[in-house]
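Participant: Starting off with a structure, shown below.
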Amino acid sequence: MANIALKGVTKRFGNLTALKDLDLEITDGEFFVLLGRTGAGKTTTLRMIAGLEEPTSGQIFIDGQDVGDWGVAERDVALVLQQYSLYPRYTVRENLAFPLKSPIRRLDAATIAQQVERAAKTLRIDHLLDRKVDKLSGGEMQRVSIGRAIVRNPRVFLMDEPLSALDAKLREALRTELKNLQVNLGATFLFVTHDQVEAMSMADHIGVLNEGQLVQTGTPHEVYNHPLNTFVAQSVGSPPMNLLAGKLDKGKALIAEAGLAMPCRAAPAQANAGSSLVFGVRPEDISLEADAPGEARIYDIENHGVEKILTMRAGETTFAATVAANSQVAIDETVRFAWNPDKIVFFDGETGNNLQAG
Amino acid sequence: MAAVTSRAQRIGRPVSIIAILLVTAIFLFPIYWIGSTAFKPRNVATSVPPTVFFQPEITPFVKLFTKRAQLREQPTQEEYDAAPWWEQAIYDGGERVIKARGEPLLSQYPSRFINSLIVSVVSTVLAVGMGTLTAYGFSRFRVPGADDWLFFILSTRMLPPVVVAIPMFLMYRTFGLTDTHVGLIILYTAFNLSFAVWLMRGFIDEIPKEYEEAALVDGYTRIQAFYKIVLPESVTGIAATSIFSFIIAWNEYAFALIMTTRRAQTAPPFIPSQIGSGLPEWTVIAAGTVLFLLPVAIFTFLLRNHLLRGVTFGAIRK
């Protein structure tokens, strides 16, 4: 197992800058999730660590060693992709044995067979060993892909959206399994996804990428509760954090568009009275109360069983609130609501940066 | 399954079957004609109107393979009886088999046929082999000016090859390549290479590069990944490209006629050259043609599954 470090890594494809001066540190044995939208540079980062892509500038370290001029095979990483990662024409057993049969490993047949059996048992695919891979379901295929990665004890596991092509139920099941596997192996995982639920539920640390730049790294808790800017605030959480533009006035949040004046905690020093701000509030920090200071109309109700997600309108502004499933609400009903003043996050109205950061 | 057929389908089906049979018959007629001629007695072959029903004989094939001369005197009854059946067949036609030290001499046909095989097989292997590697390079690596190179490669096919026949001939004479197997192999490989590169590139483009990347990560070199993953996946493309290359090389006439005379002469220029000597022996020529058709037919038959998938490529796979 190993730690990974990227120092000032930039990658350009022609005129397009995929990654800009990326610094990243992944410690030994952690589950690190790189979260970002399509084109944010997640996959490029992964491919550069694997050695499939060369950085335009900057250095990549695995276990403290600069691997800049190492070949793909020498880096000893495992890669699991969203699809196309299994060799067609081969059986599951042959796929699992393939990495072990590489001439650089010089393993004898008995060792290979034993390691294949062990990996297959770990992932509960031992009954599929003699099946051709094109006869497998999507979930089985991804299990085999993961099996091919764990079979040879690589130094680092790189996973490029391995669950994205699966249906929701399977995705959930494999999420748990993958996390357990990582804990049991004590392995370093770098997992790339656009799905914030995956990031939140599996990661020890999350790195949020936006247009080739790392915006924030931190534990899921930090990223969720203390987003460094409005981009991160909207990247995690479902529904994402509500962002309401307004001003501070006598210790109250004045949201002109919505016609709201809400109580809020002590503002940071940078938030001068009168400067334009964005107030961030998580939907679960909004509650319906009879004598609350805010008033809004219910625009939409999404019943999720354990809770209801309300879309509310106040003036020209829409925002979301999660309330208990037994709340009695109806569409177009006008309700009064409060928010938890201690949980308000202040963002600069111009830059979108968290005013309390750093 | 319940058959749901519209009226158009009920009428359309027999009509299309008839049309297919008709077209097939038109295409197959020359083959039928040459095939039947190869088994006809000599006088039947040229009869007017043509004879459809006749007693087939193998004599044209015997004649094809033996060196013969006109009989000046009839063999004695003992000589005739002692001769094997094929020699008797030659006697019956008023000819004798030329022998050297008691052994019958072979005609030139087998050596020409073998020349054709050598030149076609070697040039196909070379063209498809180099073409596949080149196509892989174009498909997988960022080649500066790739489109220009590919256009340049294709441009070698933009003029009829015969246009350059004279300069080619002069060059070949200077380098001593006329009437050599190597000379023809170089020529046919060059013809087929551009075609092979383009065709194979299409096939290799369709193989996801993730397979090889997975192999690289799994500890294989680029060459090993190519050999273990890409090659097995492109069998269909290789088969289709090989058939086309083989047919082009096998049937090539113009350059073979100009560049070869004896030692390396292939079958296509040889077969018609037999018409010129004396009375044309149509049955023997037909026999030579029938045998000439066989390698391509066998090759195509063996690879037919790949070929079908290969030529309809893109229509079947996404």
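Ligands are numbered from 1 in the order shown, chains are lettered A, B, ... in the order of the structure tokens, and residues start at 1 in each chain.
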How would you write, as an MDAnalysis selection string, the set of residues in region 53-165 of chain A that DSSP gives as helix (DSSP H, G or I)?

Facilitator: chainID A and resid 72:75 92:97 109:122 126:128 133:135 138:150

Participant: Quick one: contact table of chain B to chain A, 8 Å max, nearest atom pair and distance in Å to one decimal per residue, counting only C-alpha atoms, chain and number order, as JSON lines?

Facilitator:
{"residue": "B:Pro208", "atom": "CA", "partner": "A:Tyr84", "partner_atom": "CA", "distance": 7.0}
{"residue": "B:Glu210", "atom": "CA", "partner": "A:Tyr84", "partner_atom": "CA", "distance": 6.1}
{"residue": "B:Tyr211", "atom": "CA", "partner": "A:Ser85", "partner_atom": "CA", "distance": 5.9}
{"residue": "B:Glu213", "atom": "CA", "partner": "A:Leu52", "partner_atom": "CA", "distance": 7.2}
{"residue": "B:Ala214", "atom": "CA", "partner": "A:Ser85", "partner_atom": "CA", "distance": 6.4}
{"residue": "B:Ala215", "atom": "CA", "partner": "A:Pro99", "partner_atom": "CA", "distance": 7.5}
{"residue": "B:Leu216", "atom": "CA", "partner": "A:Ala73", "partner_atom": "CA", "distance": 6.0}
{"residue": "B:Val217", "atom": "CA", "partner": "A:Ala73", "partner_atom": "CA", "distance": 5.4}
{"residue": "B:Asp218", "atom": "CA", "partner": "A:Pro99", "partner_atom": "CA", "distance": 4.6}
{"residue": "B:Gly219", "atom": "CA", "partner": "A:Ala73", "partner_atom": "CA", "distance": 4.2}
{"residue": "B:Tyr220", "atom": "CA", "partner": "A:Ser102", "partner_atom": "CA", "distance": 5.9}
{"residue": "B:Thr221", "atom": "CA", "partner": "A:Ala73", "partner_atom": "CA", "distance": 7.4}
{"residue": "B:Ile229", "atom": "CA", "partner": "A:Tyr87", "partner_atom": "CA", "distance": 7.4}

Participant: Skipping near chain neighbours, those fewer than 4 positions away, what residues fall within 6 Å of region 292-303 of chain A using only C-alpha atoms, listed as a PyMOL selection string?

Facilitator: chain A and resi 308-314+331-338

Participant: Mind writing the picked residues with C-alpha atoms as a JSON list (two decimals), in the first residue's frame?

Facilitator:
[["chain", "number", "residue", "atom", "x", "y", "z"],
["A", 308, "LYS", "CA", -40.46, 15.22, 2.38],
["A", 309, "ILE", "CA", -38.52, 17.62, 0.25],
["A", 310, "LEU", "CA", -40.39, 20.86, -0.22],
["A", 311, "THR", "CA", -39.69, 23.38, -2.90],
["A", 312, "MET", "CA", -40.76, 26.72, -1.56],
["A", 313, "ARG", "CA", -41.17, 30.09, -3.16],
["A", 314, "ALA", "CA", -40.80, 33.44, -1.53],
["A", 331, "ILE", "CA", -49.08, 22.54, -2.64],
["A", 332, "ASP", "CA", -49.82, 26.28, -2.89],
["A", 333, "GLU", "CA", -50.26, 26.47, 0.85],
["A", 334, "THR", "CA", -48.61, 29.47, 2.46],
["A", 335, "VAL", "CA", -46.48, 28.46, 5.41],
["A", 336, "ARG", "CA", -44.24, 30.13, 7.94],
["A", 337, "PHE", "CA", -40.73, 28.86, 8.33],
["A", 338, "ALA", "CA", -37.61, 29.38, 10.39]]

Participant: Contacts of His181 (chain B) at 9 Å or less, counting only C-alpha atoms, minus same-chain residues fewer than 3 places along, as a PyMOL selection string?

Facilitator: chain B and resi 115+118-119+177-178+184-186+260+263-265

Participant: Could you check how far CA of Val151 (chain A) sits from CA of Ala97 (chain A), in Å to one decimal?

Facilitator: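 Taking CA of Val151 (chain A) as the start and CA of Ala97 (chain A) as the end point, the length is 7.9 Å.
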
Participant: To test your reading of the structure, identify every residue in region 5-177 of chain B that backbone DSSP assigns to strand (DSSP E or B), and report it as an NGL selection string.

Facilitator: :B and (66 or 68-70 or 95-97 or 99-100 or 103-104 or 106)

Participant: Just the residues within 12 Å of Lys132 (chain A), please, counting only C-alpha atoms, with nothing from its chain fewer than 5 positions along; format it as a PyMOL selection string.

Facilitator: chain A and resi 86-96+137+140-141+144

Participant: CA of Leu128 (chain A) and CA of Arg175 (chain A) are how many Å apart?

Facilitator: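 We find that CA of Leu128 (chain A) and CA of Arg175 (chain A) lie 20.9 Å from each other.
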
Participant: With only C-alpha atoms as the counted atoms, please give the residues lying no more than 7 Å from region 155-168 of chain A, apart from itself and same-chain residues fewer than 4 positions off, as a list in words.

Facilitator: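 Counting only C-alpha atoms, the residues come to Met1, Ala2, Thr43, Leu46, Asp76, Val77, Ala78, Leu79, Val80, Leu81, Gln82, Gly138, Gly139, Gln142, Glu172, Ala187, Thr188, Phe189, Leu190, Phe191, Val192 and Thr193 of chain A.
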
Participant: Just write the chosen residues, N, CA and C atoms, as a compact mmCIF listing (two decimals), in the first residue's frame.

Facilitator:
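And here's result-v9.txt as it stands now:
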# COMPACT_ATOMS: atom_id res chain seq x y z
N MET A 1 0.83 -1.20 0.00
CA MET A 1 0.00 0.00 0.00
C MET A 1 0.87 1.26 0.00
N ALA A 2 0.28 2.33 -0.42
CA ALA A 2 1.13 3.50 -0.60
C ALA A 2 0.32 4.79 -0.51
N THR A 43 -10.94 12.15 -14.38
CA THR A 43 -10.38 10.99 -15.07
C THR A 43 -8.95 11.25 -15.50
N LEU A 46 -6.67 10.62 -12.65
CA LEU A 46 -6.52 9.19 -12.45
C LEU A 46 -5.56 8.58 -13.47
N ASP A 76 2.53 -0.21 -10.60
CA ASP A 76 1.82 -1.21 -9.81
C ASP A 76 0.54 -0.65 -9.18
N VAL A 77 -0.27 -0.03 -10.02
CA VAL A 77 -1.58 0.43 -9.56
C VAL A 77 -2.64 -0.44 -10.23
N ALA A 78 -3.83 -0.45 -9.66
CA ALA A 78 -4.93 -1.17 -10.30
C ALA A 78 -5.97 -0.16 -10.73
N LEU A 79 -6.59 -0.43 -11.85
CA LEU A 79 -7.54 0.52 -12.41
C LEU A 79 -8.86 -0.19 -12.66
N VAL A 80 -9.94 0.38 -12.15
CA VAL A 80 -11.27 -0.16 -12.43
C VAL A 80 -12.05 0.93 -13.14
N LEU A 81 -12.58 0.58 -14.30
CA LEU A 81 -13.27 1.58 -15.11
C LEU A 81 -14.77 1.37 -15.07
N GLN A 82 -15.47 2.36 -15.62
CA GLN A 82 -16.92 2.28 -15.65
C GLN A 82 -17.40 1.12 -16.51
N GLY A 138 -24.42 -6.63 -15.41
CA GLY A 138 -23.59 -5.45 -15.15
C GLY A 138 -22.91 -5.50 -13.79
N GLY A 139 -23.67 -5.91 -12.77
CA GLY A 139 -23.11 -5.96 -11.43
C GLY A 139 -22.02 -7.00 -11.31
N GLN A 142 -18.83 -5.73 -12.91
CA GLN A 142 -18.07 -4.80 -12.10
C GLN A 142 -17.40 -5.53 -10.94
N GLU A 172 -26.07 0.92 -4.80
CA GLU A 172 -26.07 1.05 -3.35
C GLU A 172 -25.39 -0.13 -2.69
N ALA A 187 -6.41 -0.75 2.07
CA ALA A 187 -5.75 -0.27 0.85
C ALA A 187 -6.02 1.22 0.62
N THR A 188 -5.15 1.82 -0.19
CA THR A 188 -5.36 3.20 -0.61
C THR A 188 -6.26 3.19 -1.84
N PHE A 189 -7.39 3.86 -1.73
CA PHE A 189 -8.33 3.93 -2.85
C PHE A 189 -8.43 5.37 -3.33
N LEU A 190 -8.30 5.56 -4.63
CA LEU A 190 -8.66 6.84 -5.21
C LEU A 190 -9.85 6.59 -6.12
N PHE A 191 -10.96 7.16 -5.75
CA PHE A 191 -12.23 6.87 -6.39
C PHE A 191 -12.75 8.15 -7.02
N VAL A 192 -13.08 8.06 -8.29
CA VAL A 192 -13.52 9.24 -9.01
C VAL A 192 -15.00 9.13 -9.31
N THR A 193 -15.75 10.17 -9.06
CA THR A 193 -17.18 10.09 -9.33
C THR A 193 -17.78 11.48 -9.52

Participant: Rounded to one decimal in Å, what is the spacing between CA of Phe226 (chain B) and CA of Leu126 (chain B)?

Facilitator: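 Atom-to-atom, CA of Phe226 (chain B) to CA of Leu126 (chain B), that is 17.7 Å.
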
Participant: Using only C-alpha atoms, which residue out of B:Ile243, B:Val97, B:Ile298, B:Ile31 lies closest to Thr66 (chain B)?

Facilitator: B:Val97

Participant: At a cut-off of 12 Å, using only C-alpha atoms, what residues contact Glu53 (chain A)? Leave out same-chain residues fewer than 5 positions from it and give the result as number ranges by chain.

Facilitator: A: 9-13, 18, 43-48, 60, 68-72; B: 141, 213

Participant: May I ask which of the residues B:Pro144, B:Pro30, B:Pro272, B:Gly237 is the closest one to Met200 (chain B), counting only C-alpha atoms?

Facilitator: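 Going through B:Pro144, B:Pro30, B:Pro272, B:Gly237 one by one, the smallest distance to Met200 (chain B) is for B:Gly237.
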